[in-house]
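Here is the structure we will look at.
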Amino acid sequence: GQYIGKVDANSPAAAAGLREHDRIVEVNFVCVEDQSHKEVVARIKDGVTRNNTQHTDEVILLVVDEATDEYYFNNAWPINSSDPNVQRIDSSGPV
């Protein structure tokens, strides 16, 4: 998988609560666990497509911290955005 290396202060990533060492599981509801760094970055840059319109200023990430990643791994549970334990955070404000 791909891991967050650095989170810039005052960035949308920081506002959404991303932290160094968090793992990116999905980008725009697509599992990226087997994709290369280059492919994941391209998906993020592509943004979200809604109603056949591309929004390059928006991305939906499923990210897990180290403890959550380890817990799901040790229990052999898949991680995906349909999991009822997923917390949704919008970097532009509360959802």
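Quick note on naming: the chains in the structure tokens go A, B, ... in the order shown, residues restart at 1 in each chain, and ligands are numbered from 1 in order of appearance.
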
Quick one: residues within 10 Å of region 48-64 of chain A, only C-alpha atoms, excluding same-chain residues fewer than 6 positions away - as a ChimeraX atom specification?
/A:2-4,12,17-19,21-32,70,72,79-81,86-91

Can you write out the residues you just picked, keeping N, CA and C atoms, as a PDB file, in the first residue's frame?
```
ATOM      1  N   GLN A   2       0.189   2.365  -0.090  1.00  0.00           N
ATOM      2  CA  GLN A   2       0.862   3.663  -0.098  1.00  0.00           C
ATOM      3  C   GLN A   2       0.645   4.337   1.251  1.00  0.00           C
ATOM      4  N   TYR A   3       1.697   4.940   1.738  1.00  0.00           N
ATOM      5  CA  TYR A   3       1.664   5.581   3.052  1.00  0.00           C
ATOM      6  C   TYR A   3       1.880   7.083   2.920  1.00  0.00           C
ATOM      7  N   ILE A   4       1.248   7.829   3.829  1.00  0.00           N
ATOM      8  CA  ILE A   4       1.411   9.276   3.872  1.00  0.00           C
ATOM      9  C   ILE A   4       2.811   9.558   4.414  1.00  0.00           C
ATOM     10  N   PRO A  12      -5.257  20.962   3.054  1.00  0.00           N
ATOM     11  CA  PRO A  12      -6.493  20.167   3.166  1.00  0.00           C
ATOM     12  C   PRO A  12      -6.243  18.817   3.847  1.00  0.00           C
ATOM     13  N   GLY A  17      -7.186  15.669   8.920  1.00  0.00           N
ATOM     14  CA  GLY A  17      -6.644  14.847   9.982  1.00  0.00           C
ATOM     15  C   GLY A  17      -5.641  13.800   9.544  1.00  0.00           C
ATOM     16  N   LEU A  18      -5.151  13.884   8.306  1.00  0.00           N
ATOM     17  CA  LEU A  18      -4.146  12.923   7.866  1.00  0.00           C
ATOM     18  C   LEU A  18      -2.861  13.115   8.649  1.00  0.00           C
ATOM     19  N   ARG A  19      -2.174  11.986   8.888  1.00  0.00           N
ATOM     20  CA  ARG A  19      -0.920  12.025   9.629  1.00  0.00           C
ATOM     21  C   ARG A  19       0.126  11.184   8.910  1.00  0.00           C
ATOM     22  N   HIS A  21       2.545   8.326   8.128  1.00  0.00           N
ATOM     23  CA  HIS A  21       2.457   6.877   8.320  1.00  0.00           C
ATOM     24  C   HIS A  21       1.047   6.326   8.196  1.00  0.00           C
ATOM     25  N   ASP A  22       0.031   7.180   7.980  1.00  0.00           N
ATOM     26  CA  ASP A  22      -1.299   6.658   7.668  1.00  0.00           C
ATOM     27  C   ASP A  22      -1.214   5.947   6.318  1.00  0.00           C
ATOM     28  N   ARG A  23      -2.057   4.916   6.114  1.00  0.00           N
ATOM     29  CA  ARG A  23      -2.040   4.165   4.857  1.00  0.00           C
ATOM     30  C   ARG A  23      -3.273   4.487   4.039  1.00  0.00           C
ATOM     31  N   ILE A  24      -3.071   4.771   2.761  1.00  0.00           N
ATOM     32  CA  ILE A  24      -4.167   5.023   1.830  1.00  0.00           C
ATOM     33  C   ILE A  24      -4.677   3.676   1.336  1.00  0.00           C
ATOM     34  N   VAL A  25      -5.966   3.411   1.560  1.00  0.00           N
ATOM     35  CA  VAL A  25      -6.581   2.149   1.171  1.00  0.00           C
ATOM     36  C   VAL A  25      -7.386   2.317  -0.118  1.00  0.00           C
ATOM     37  N   GLU A  26      -8.144   3.419  -0.206  1.00  0.00           N
ATOM     38  CA  GLU A  26      -8.976   3.685  -1.386  1.00  0.00           C
ATOM     39  C   GLU A  26      -8.814   5.137  -1.813  1.00  0.00           C
ATOM     40  N   VAL A  27      -8.938   5.345  -3.116  1.00  0.00           N
ATOM     41  CA  VAL A  27      -9.020   6.693  -3.681  1.00  0.00           C
ATOM     42  C   VAL A  27     -10.293   6.728  -4.519  1.00  0.00           C
ATOM     43  N   ASN A  28     -11.208   7.610  -4.140  1.00  0.00           N
ATOM     44  CA  ASN A  28     -12.494   7.729  -4.833  1.00  0.00           C
ATOM     45  C   ASN A  28     -13.193   6.376  -4.953  1.00  0.00           C
ATOM     46  N   PHE A  29     -13.211   5.637  -3.846  1.00  0.00           N
ATOM     47  CA  PHE A  29     -13.888   4.345  -3.689  1.00  0.00           C
ATOM     48  C   PHE A  29     -13.247   3.205  -4.482  1.00  0.00           C
ATOM     49  N   VAL A  30     -12.039   3.402  -4.989  1.00  0.00           N
ATOM     50  CA  VAL A  30     -11.304   2.356  -5.697  1.00  0.00           C
ATOM     51  C   VAL A  30     -10.145   1.905  -4.824  1.00  0.00           C
ATOM     52  N   CYS A  31     -10.074   0.599  -4.587  1.00  0.00           N
ATOM     53  CA  CYS A  31      -8.986   0.043  -3.782  1.00  0.00           C
ATOM     54  C   CYS A  31      -7.658   0.277  -4.510  1.00  0.00           C
ATOM     55  N   VAL A  32      -6.676   0.820  -3.788  1.00  0.00           N
ATOM     56  CA  VAL A  32      -5.373   1.117  -4.388  1.00  0.00           C
ATOM     57  C   VAL A  32      -4.251   0.327  -3.722  1.00  0.00           C
ATOM     58  N   GLU A  70      -3.101  -2.377  11.638  1.00  0.00           N
ATOM     59  CA  GLU A  70      -2.615  -3.578  12.317  1.00  0.00           C
ATOM     60  C   GLU A  70      -3.778  -4.423  12.841  1.00  0.00           C
ATOM     61  N   TYR A  72      -6.965  -4.612  11.768  1.00  0.00           N
ATOM     62  CA  TYR A  72      -7.665  -5.282  10.668  1.00  0.00           C
ATOM     63  C   TYR A  72      -6.799  -6.389  10.073  1.00  0.00           C
ATOM     64  N   ILE A  79     -10.448  -4.012   4.649  1.00  0.00           N
ATOM     65  CA  ILE A  79     -10.785  -2.617   4.934  1.00  0.00           C
ATOM     66  C   ILE A  79     -11.367  -2.027   3.667  1.00  0.00           C
ATOM     67  N   ASN A  80     -12.576  -1.458   3.773  1.00  0.00           N
ATOM     68  CA  ASN A  80     -13.161  -0.757   2.623  1.00  0.00           C
ATOM     69  C   ASN A  80     -14.144   0.296   3.117  1.00  0.00           C
ATOM     70  N   SER A  81     -14.526   1.166   2.219  1.00  0.00           N
ATOM     71  CA  SER A  81     -15.342   2.323   2.596  1.00  0.00           C
ATOM     72  C   SER A  81     -16.754   1.956   3.027  1.00  0.00           C
ATOM     73  N   VAL A  86     -16.192   3.264   9.482  1.00  0.00           N
ATOM     74  CA  VAL A  86     -15.502   4.351   8.786  1.00  0.00           C
ATOM     75  C   VAL A  86     -16.041   5.694   9.272  1.00  0.00           C
ATOM     76  N   GLN A  87     -15.114   6.563   9.648  1.00  0.00           N
ATOM     77  CA  GLN A  87     -15.465   7.921  10.064  1.00  0.00           C
ATOM     78  C   GLN A  87     -15.238   8.845   8.882  1.00  0.00           C
ATOM     79  N   ARG A  88     -16.237   9.635   8.545  1.00  0.00           N
ATOM     80  CA  ARG A  88     -16.132  10.536   7.404  1.00  0.00           C
ATOM     81  C   ARG A  88     -15.772  11.941   7.862  1.00  0.00           C
ATOM     82  N   ILE A  89     -14.700  12.471   7.272  1.00  0.00           N
ATOM     83  CA  ILE A  89     -14.216  13.805   7.625  1.00  0.00           C
ATOM     84  C   ILE A  89     -14.050  14.591   6.337  1.00  0.00           C
ATOM     85  N   ASP A  90     -14.563  15.789   6.322  1.00  0.00           N
ATOM     86  CA  ASP A  90     -14.453  16.674   5.171  1.00  0.00           C
ATOM     87  C   ASP A  90     -13.485  17.787   5.540  1.00  0.00           C
ATOM     88  N   SER A  91     -12.440  17.976   4.737  1.00  0.00           N
ATOM     89  CA  SER A  91     -11.436  18.976   5.085  1.00  0.00           C
ATOM     90  C   SER A  91     -11.957  20.399   4.982  1.00  0.00           C
TER      91      SER A  91
END
```

Give me every strand (DSSP E) residue in chain A, going by DSSP on the backbone, as a list of chain:residue names.
A:Gln2, A:Tyr3, A:Arg23, A:Ile24, A:Val25, A:Glu26, A:Val27, A:Val30, A:Cys31, A:Val48, A:Thr49, A:Arg50, A:Thr53, A:Gln54, A:His55, A:Leu61, A:Leu62, A:Val63, A:Val64

Could you tell me how far CA of Asp65 (chain A) sits from CA of Val41 (chain A), in Å to one decimal place?
19.1 Å

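For chain A, a DSSP pass over the backbone yields helix (DSSP H, G or I) at A:Pro12, A:Ala13, A:Ala14, A:Ala15, A:His37, A:Lys38, A:Glu39, A:Val40, A:Val41, A:Ala42, A:Arg43, A:Ile44, A:Lys45, A:Asp46, A:Glu66, A:Ala67, A:Thr68, A:Asp69, A:Glu70, A:Tyr71, A:Tyr72, A:Phe73, A:Asn74.
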
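Note that CA of His37 (chain A) and CA of Glu20 (chain A) are 15.7 Å apart.
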
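Atom pair CA of Asp8 (chain A) / CA of Asn85 (chain A) has a distance of 26.8 Å (rounded to one decimal).
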